[in-house]
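I have placed the structure first, in the form of structure tokens, so that the comments after it can refer back to it.
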Amino acid sequence: MSRSHSHTFAVTVTAITQVTPLIKHFVLKASDGSQLPAFSGGSHVIVVMKGASRVHRNPYSLLSSPSDLSSYEIAVRRADPTRGGSVFMHDHVTVGMQLEIAHPVNLFQLDKLARKHVLFAGGVGITAIAAQLEDLKMGSVHYELHYSVRGPEHAAFADRLVKRHGDRVRIYHDSADQRIDIEGLVAAQPLGTHVYVCGPTPMIDRVIASARAAGWANSHIHWEQFSAPPVGEPFDVFLQRSNITLSVPPDQSLLEAIEDAGIDAPYLCRGGVCGECKCRVLEVDGVLVHNDNYLSSEEKASGALIMPCVSRAQGKKLVIDL
Amino acid sequence: MLIRGIKSKPVYTPLAPDLGGRTHLMVGFGVGAEPLARLIADCALAGVKKSSRQLLYVTDKSASPEMREAMQNADVEQVRLFSDSASLLTQFEAILQAATMGTRLYVSGPEAFMGLVMRIADRFNLNRDEIRAEECGSPARRVHCIHCRAATEDVTTNIVQCVGCQRWLVVRDHYSRRLAAYMGVMIDAEVPGELPPIEEVFV
């Protein structure tokens with residue numbers, strides 16, 4: 001494959017704000033002063049962080065307005081436990097510092113033919129939805145957001161959204177025991193409504209299950225669920241085409257180990273959703289630990305495919321077609 | 001002269017209940033009664049509640065008297081019968097206006113009729129995973145004149161005179177879902193009056 005998957009450009013951090021006890025907000029501008037590449041609501045970028053011992057590449061949603069390309073905004077939640085990326089962003093990134101980012105990719109698009117949009121967000125999941133709201137504000141189709149936050153001290157984005165979108169945004173505080181009536185909201189929507197959700201896994205699962213129970217067809221249900229590569233057992237992998245054996249340590253993903261070896265493997269989301277890094281498994285002595293939301297359960301059970309960005313192996317030997 | 005193999009024609013499949021839906025809206029014309037009768041029986045077998053089933057049907061002579069009677073007495077919550085497609089389509093649009101997510105649409109009849117139904121469904125953003133359609137009956141085409149935009153109905157020949165501008169049109173296989181019609185393009189633009197043989201092809 002001749003196309004490089006690691007094509008990035010340099011941005012400079014121009015502002016950092018601690019918006020909630022766990023979330024920091026970053027403003028990024030192109031280091032060469034030019035306009036940033038255009039994107040649509042729901043896009044993310046991969047931020048490349050060169051840590052002391054290792055390079056982290058994490059996906060973060062662009063939450064600024066797609067109509068303002070003078071800067072990008074991202075928000076990073078400090079993950080606990082962490083593999084290092086979010087902590088790097090929180091503890092090591094300062095104003096004036098340069099970072100590498102990859103071109104925006106949208107795996108969470110609004111449906112342009114929808115007659116109504118109902119959006120659900122929980123916690124930092126709002127970052128994937130915020131720019132979509134900006135796109136929706138420019139259009140004429142009705143939209144509403146139901147946004148659940150832990151409590152007032154976690155609701156920094158909420159104030160900003162209410163200011164911009166008025167009564168189209170409804171905030172629910174967990175600490176005040178305010179709950180989104182997901183079942184009730186999906187039960188009686190007009191034809192042509194689309195539902196979008198980004199937030200904690202139980203929230204995503206509940207929205208999908210409630211919509212399906214109310215008879216919604218899959219083409220109207222949209223979600224984004226990036227999973228960070230989970231920590232696992234160390235294992236060895238043999239890359240057949242590259243003819244090289246690598247050791248993958250517990251806190252590194254298979255994709256990261258491949259990249260560390262200087263091999264240009266395909267990827268887009270690095271969160272187990274897009275399918276770009278899908279790789280054939282040629283041999284496995286042990287079990288595959290599938291952590292992605294892309295492969296079907298049949299594909300996972302077949303043992304013939306793996307998503308190196310989040311999935312791993314447990315056992316003595318893994319051979320993949322790369 | 002006809003261009004074959006264009007992939008724009010929708011794919012039709014035998015009607016079967018979609019158990020994921022909560023409201024099942026069935027729409028048919030003439031001989032479309034047969035697939036609908038089978039669908040309604042399959043719904044009952046699969047446990048789809050009668051209260052969730054609705055039928056709109058154009059009584060047309062292409063259906064046998066037995067089939068027409070079967071539609072009239074169909075095992076659904078409500079049967080609405082119409083004498084022509086225009087009145088059915090008006091009622092159909094009103095129903096979609098009030099319908100909620102969870103609705104599934106089933107259409108059966110000649111392609112020209114189904115196209116008009118699906119064009120309205122499209123405006124309500126009913127997607128392919130919410131619509132099932134089975135073609136039966138006349139393959140006559142609805143032809144959209146690309147010059148004057150008039151629609152000529154019930155075309156069975158490879159070449160037809162446009163009802164709007166009287167140009168002679170070749171009926172292409174290029175189907176438009178938005179217009180619910182095949183494209184008709186002037187055939188004798190270079191040498192007016194010089195036409196290839198006109199043949200009955202859509203019968």
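As shown in the structure tokens, the chain order sets the letters A, B, ...; within each chain, residues go from 1, and ligands are also counted from 1 in the order they appear.
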
For A:Val248, work out the shell of residues within 9 Å, counting only C-alpha atoms and skipping chain neighbours fewer than 5 positions away, then give it as an mmCIF file with N, CA and C atoms, in the first residue's frame.
data_model
loop_
_atom_site.group_PDB
_atom_site.id
_atom_site.type_symbol
_atom_site.label_atom_id
_atom_site.label_comp_id
_atom_site.auth_asym_id
_atom_site.auth_seq_id
_atom_site.Cartn_x
_atom_site.Cartn_y
_atom_site.Cartn_z
ATOM 1 N N GLU A 233 -3.108 -8.885 28.328
ATOM 2 C CA GLU A 233 -1.873 -9.647 28.561
ATOM 3 C C GLU A 233 -0.888 -9.387 27.419
ATOM 4 N N PRO A 234 0.398 -9.476 27.685
ATOM 5 C CA PRO A 234 1.361 -9.320 26.596
ATOM 6 C C PRO A 234 1.282 -10.527 25.650
ATOM 7 N N PHE A 235 1.574 -10.288 24.392
ATOM 8 C CA PHE A 235 1.587 -11.405 23.434
ATOM 9 C C PHE A 235 2.531 -11.080 22.278
ATOM 10 N N ASP A 236 2.889 -12.122 21.541
ATOM 11 C CA ASP A 236 3.750 -11.941 20.372
ATOM 12 C C ASP A 236 2.917 -12.076 19.106
ATOM 13 N N VAL A 237 3.292 -11.312 18.102
ATOM 14 C CA VAL A 237 2.590 -11.395 16.831
ATOM 15 C C VAL A 237 3.608 -11.476 15.710
ATOM 16 N N SER A 253 -1.459 -1.115 22.256
ATOM 17 C CA SER A 253 -2.349 -1.848 21.361
ATOM 18 C C SER A 253 -1.530 -2.514 20.267
ATOM 19 N N LEU A 254 -2.153 -3.483 19.609
ATOM 20 C CA LEU A 254 -1.497 -4.178 18.509
ATOM 21 C C LEU A 254 -1.111 -3.189 17.414
ATOM 22 N N GLU A 256 -0.526 0.018 17.713
ATOM 23 C CA GLU A 256 0.590 0.860 18.165
ATOM 24 C C GLU A 256 1.923 0.120 18.066
ATOM 25 N N ALA A 257 1.908 -1.174 18.402
ATOM 26 C CA ALA A 257 3.138 -1.971 18.319
ATOM 27 C C ALA A 257 3.597 -2.065 16.863
ATOM 28 N N ILE A 258 2.621 -2.242 15.955
ATOM 29 C CA ILE A 258 2.940 -2.331 14.522
ATOM 30 C C ILE A 258 3.555 -1.011 14.043
ATOM 31 N N ARG A 312 -6.804 -7.697 20.776
ATOM 32 C CA ARG A 312 -5.527 -8.331 21.089
ATOM 33 C C ARG A 312 -5.660 -9.846 21.032
#

Self-check item: Polymer residues at most 6 Å from stretch 127-131 of chain A, only C-alpha atoms, same-chain spacing of 5 or more positions, as a PyMOL selection string
Solution: chain A and resi 41-42+61+63-65

Output file for the residues above (N, CA and C atoms, as a compact mmCIF listing (two decimals), in the first residue's frame):
# COMPACT_ATOMS: atom_id res chain seq x y z
N GLY A 41 -20.11 18.24 11.07
CA GLY A 41 -20.44 17.92 12.46
C GLY A 41 -20.39 16.42 12.71
N GLY A 42 -19.71 16.00 13.79
CA GLY A 42 -19.57 14.58 14.10
C GLY A 42 -18.19 14.05 13.78
N SER A 61 -13.23 14.11 19.20
CA SER A 61 -14.22 14.76 18.36
C SER A 61 -13.95 16.25 18.27
N LEU A 63 -15.33 19.78 18.42
CA LEU A 63 -16.58 20.30 18.96
C LEU A 63 -16.82 21.75 18.58
N SER A 64 -15.90 22.33 17.83
CA SER A 64 -16.11 23.71 17.40
C SER A 64 -17.03 23.73 16.18
N SER A 65 -17.40 24.95 15.76
CA SER A 65 -18.33 25.07 14.64
C SER A 65 -17.64 24.75 13.33

Dump as JSON lines the rows for residues of stretch 141-174 of chain A within 12 Å of stretch 21-29 of chain A: closest atom pair and distance in Å with one decimal, only C-alpha atoms counted, ordered by chain and rising residue number.
{"residue": "A:Arg150", "atom": "CA", "partner": "A:Pro21", "partner_atom": "CA", "distance": 11.1}
{"residue": "A:Gly151", "atom": "CA", "partner": "A:Pro21", "partner_atom": "CA", "distance": 11.1}
{"residue": "A:Pro152", "atom": "CA", "partner": "A:Pro21", "partner_atom": "CA", "distance": 11.1}
{"residue": "A:Glu153", "atom": "CA", "partner": "A:Pro21", "partner_atom": "CA", "distance": 7.5}
{"residue": "A:His154", "atom": "CA", "partner": "A:Pro21", "partner_atom": "CA", "distance": 7.1}
{"residue": "A:Ala155", "atom": "CA", "partner": "A:Pro21", "partner_atom": "CA", "distance": 10.4}
{"residue": "A:Ala156", "atom": "CA", "partner": "A:Ile23", "partner_atom": "CA", "distance": 9.5}
{"residue": "A:Phe157", "atom": "CA", "partner": "A:His25", "partner_atom": "CA", "distance": 10.1}

Quiz item: Which neighbours of stretch 69-71 of chain A fall inside 12 Å, counting only C-alpha atoms, when residues of the same chain fewer than 5 positions from it are skipped, and could you give them as a list in words?
Solution: Val11, Thr12, Val13, Thr14, Ala15, Phe26, Val27, Leu28, Lys29, Ala30, Ser31, Asp32, Gly33, Ser34, Gln35, Leu36, Pro37, Ala38, Phe39, Ser40, Leu62, Leu63, Ser64 and Pro104 of chain A

Compile a residue-level contact table for chain B against chain A at a cut-off of 7 Å, reporting for every qualifying residue the shortest atom pair and its distance in Å to one decimal, with only C-alpha atoms counted, rows ordered by chain and ascending number, as CSV.
residue,atom,partner,partner_atom,distance
B:Gly20,CA,A:Gly215,CA,5.3
B:Gly21,CA,A:Gly215,CA,4.4
B:Arg22,CA,A:Gly215,CA,5.2
B:Ala99,CA,A:Leu191,CA,6.0
B:Thr100,CA,A:Pro190,CA,4.3
B:Met101,CA,A:Leu191,CA,4.9
B:Gly102,CA,A:Gly215,CA,3.8
B:Phe124,CA,A:Gly192,CA,5.5
B:Asn125,CA,A:Gly192,CA,4.6
B:Leu126,CA,A:Gly192,CA,6.1
B:Asp129,CA,A:Ala217,CA,6.3
B:Glu130,CA,A:Ala217,CA,6.4

Can I get the selection written as a short mmCIF file (atom, residue, chain, number, x, y, z; two decimals), in the first residue's frame, with C-alpha atoms?
data_model
loop_
_atom_site.label_atom_id
_atom_site.label_comp_id
_atom_site.auth_asym_id
_atom_site.auth_seq_id
_atom_site.Cartn_x
_atom_site.Cartn_y
_atom_site.Cartn_z
CA GLY B 20 -39.28 -5.20 13.85
CA GLY B 21 -42.12 -2.82 12.96
CA ARG B 22 -44.95 -1.70 15.25
CA ALA B 99 -47.64 8.24 11.41
CA THR B 100 -44.86 7.63 13.92
CA MET B 101 -41.49 5.92 13.78
CA GLY B 102 -41.93 2.17 13.87
CA PHE B 124 -41.26 11.15 4.63
CA ASN B 125 -37.75 9.67 4.72
CA LEU B 126 -38.98 6.07 4.83
CA ASP B 129 -35.19 -0.95 5.52
CA GLU B 130 -38.73 0.29 6.20
#

Quiz item: Could you pull out all residues of stretch 48-261 of chain A with a DSSP call of alpha helix (DSSP H) and give them as a count of residues only?
Solution: 56

Exercise. Can you pull out every residue within 9 Å of B:Thr13, counting only C-alpha atoms, but drop anything in the same chain fewer than 4 positions away, and send it as a VMD selection string?
Key: chain B and resid 132 to 135

Exercise. Mind listing the strand (DSSP E) residues of stretch 87-177 of chain B, per DSSP on the backbone, as a ChimeraX atom specification?
Key: /B:103-109,131-135,141-145,151-155,159-161,168-176

Just want the 8 Å neighbourhood of B:Gly30, counted on only C-alpha atoms, with same-chain residues fewer than 3 positions away dropped. Output as a compact mmCIF listing (two decimals) with N, CA and C atoms, in the first residue's frame.
# COMPACT_ATOMS: atom_id res chain seq x y z
N ALA B 33 -53.33 -7.54 -4.98
CA ALA B 33 -54.10 -8.17 -3.92
C ALA B 33 -53.51 -9.52 -3.51
N TYR B 57 -56.27 -0.01 -0.65
CA TYR B 57 -56.26 -0.83 -1.86
C TYR B 57 -57.09 -0.18 -2.96
N VAL B 58 -56.53 -0.16 -4.18
CA VAL B 58 -57.26 0.32 -5.35
C VAL B 58 -57.92 -0.87 -6.02
N THR B 59 -59.26 -0.86 -6.02
CA THR B 59 -60.01 -1.95 -6.65
C THR B 59 -59.94 -1.75 -8.16
N ASP B 60 -59.28 -2.68 -8.81
CA ASP B 60 -59.06 -2.53 -10.25
C ASP B 60 -59.42 -3.84 -10.92
N LYS B 61 -59.83 -3.74 -12.18
CA LYS B 61 -60.31 -4.95 -12.87
C LYS B 61 -59.21 -5.99 -13.10
N SER B 62 -57.94 -5.59 -12.87
CA SER B 62 -56.87 -6.57 -13.04
C SER B 62 -56.91 -7.65 -11.95
N ALA B 63 -57.67 -7.41 -10.89
CA ALA B 63 -57.80 -8.42 -9.84
C ALA B 63 -59.09 -9.20 -10.06
N ARG B 68 -60.71 -9.29 -5.04
CA ARG B 68 -61.27 -8.00 -4.59
C ARG B 68 -62.06 -8.20 -3.29
N GLY B 109 -48.22 -4.20 -6.53
CA GLY B 109 -49.00 -3.80 -7.70
C GLY B 109 -48.06 -3.58 -8.87
N GLY B 137 -48.34 -7.55 -12.04
CA GLY B 137 -49.25 -6.85 -12.94
C GLY B 137 -48.51 -6.23 -14.09

Exercise. Write out as an MDAnalysis selection string which residues come within 12 Å of A:Asn243 when counting only C-alpha atoms, dropping same-chain ones fewer than 3 positions away.
Key: chainID A and resid 237:240 246 261 263 319:322

Output file for the selection above: N, CA and C atoms, as a compact mmCIF listing (two decimals), in the first residue's frame:
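And here's selection14.txt as it stands now:
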# COMPACT_ATOMS: atom_id res chain seq x y z
N VAL A 237 3.29 -11.31 18.10
CA VAL A 237 2.59 -11.40 16.83
C VAL A 237 3.61 -11.48 15.71
N PHE A 238 3.31 -12.34 14.72
CA PHE A 238 4.16 -12.43 13.53
C PHE A 238 3.42 -11.79 12.37
N LEU A 239 4.02 -10.77 11.73
CA LEU A 239 3.41 -10.12 10.58
C LEU A 239 3.93 -10.85 9.33
N GLN A 240 3.05 -11.62 8.71
CA GLN A 240 3.45 -12.51 7.63
C GLN A 240 4.12 -11.78 6.46
N LEU A 246 6.79 -9.23 16.54
CA LEU A 246 6.74 -8.12 17.50
C LEU A 246 6.21 -8.61 18.83
N ALA A 261 7.07 -0.39 15.08
CA ALA A 261 8.04 -1.15 14.30
C ALA A 261 8.28 -0.50 12.94
N ILE A 263 5.97 0.10 10.61
CA ILE A 263 5.11 -0.40 9.54
C ILE A 263 3.86 0.47 9.44
N VAL A 319 -0.55 -14.90 14.08
CA VAL A 319 0.03 -14.54 12.78
C VAL A 319 -1.03 -13.76 12.02
N ILE A 320 -0.69 -12.56 11.56
CA ILE A 320 -1.66 -11.77 10.80
C ILE A 320 -1.10 -11.39 9.44
N ASP A 321 -2.04 -11.06 8.53
CA ASP A 321 -1.71 -10.79 7.13
C ASP A 321 -1.36 -9.32 6.97
N LEU A 322 -0.18 -8.96 7.34
CA LEU A 322 0.21 -7.54 7.25
C LEU A 322 1.69 -7.46 6.91

Self-check item: Nearest residue to B:Leu19 from the set B:Thr103, B:Thr90, B:Cys148, B:Asp84 (distances using only C-alpha atoms)
Solution: B:Thr103

Self-check item: Test item: residues at most 8 Å from stretch 285-290 of chain A, only C-alpha atoms, excluding those fewer than 3 positions along its chain, as number ranges by chain
Solution: A: 300, 303, 306-307, 310-318

Practice problem: Choose the residue, out of B:Thr157, B:Ser52, B:Ser138, B:Ser85, that has the smallest atom-to-atom separation from B:Val31; count only C-alpha atoms. | Solution: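 Comparing B:Thr157, B:Ser52, B:Ser138, B:Ser85 against B:Val31, the winner is B:Ser138.
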
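Picture a line from atom CA of B:Pro196 to atom CA of B:Leu169; it runs 11.2 Å.
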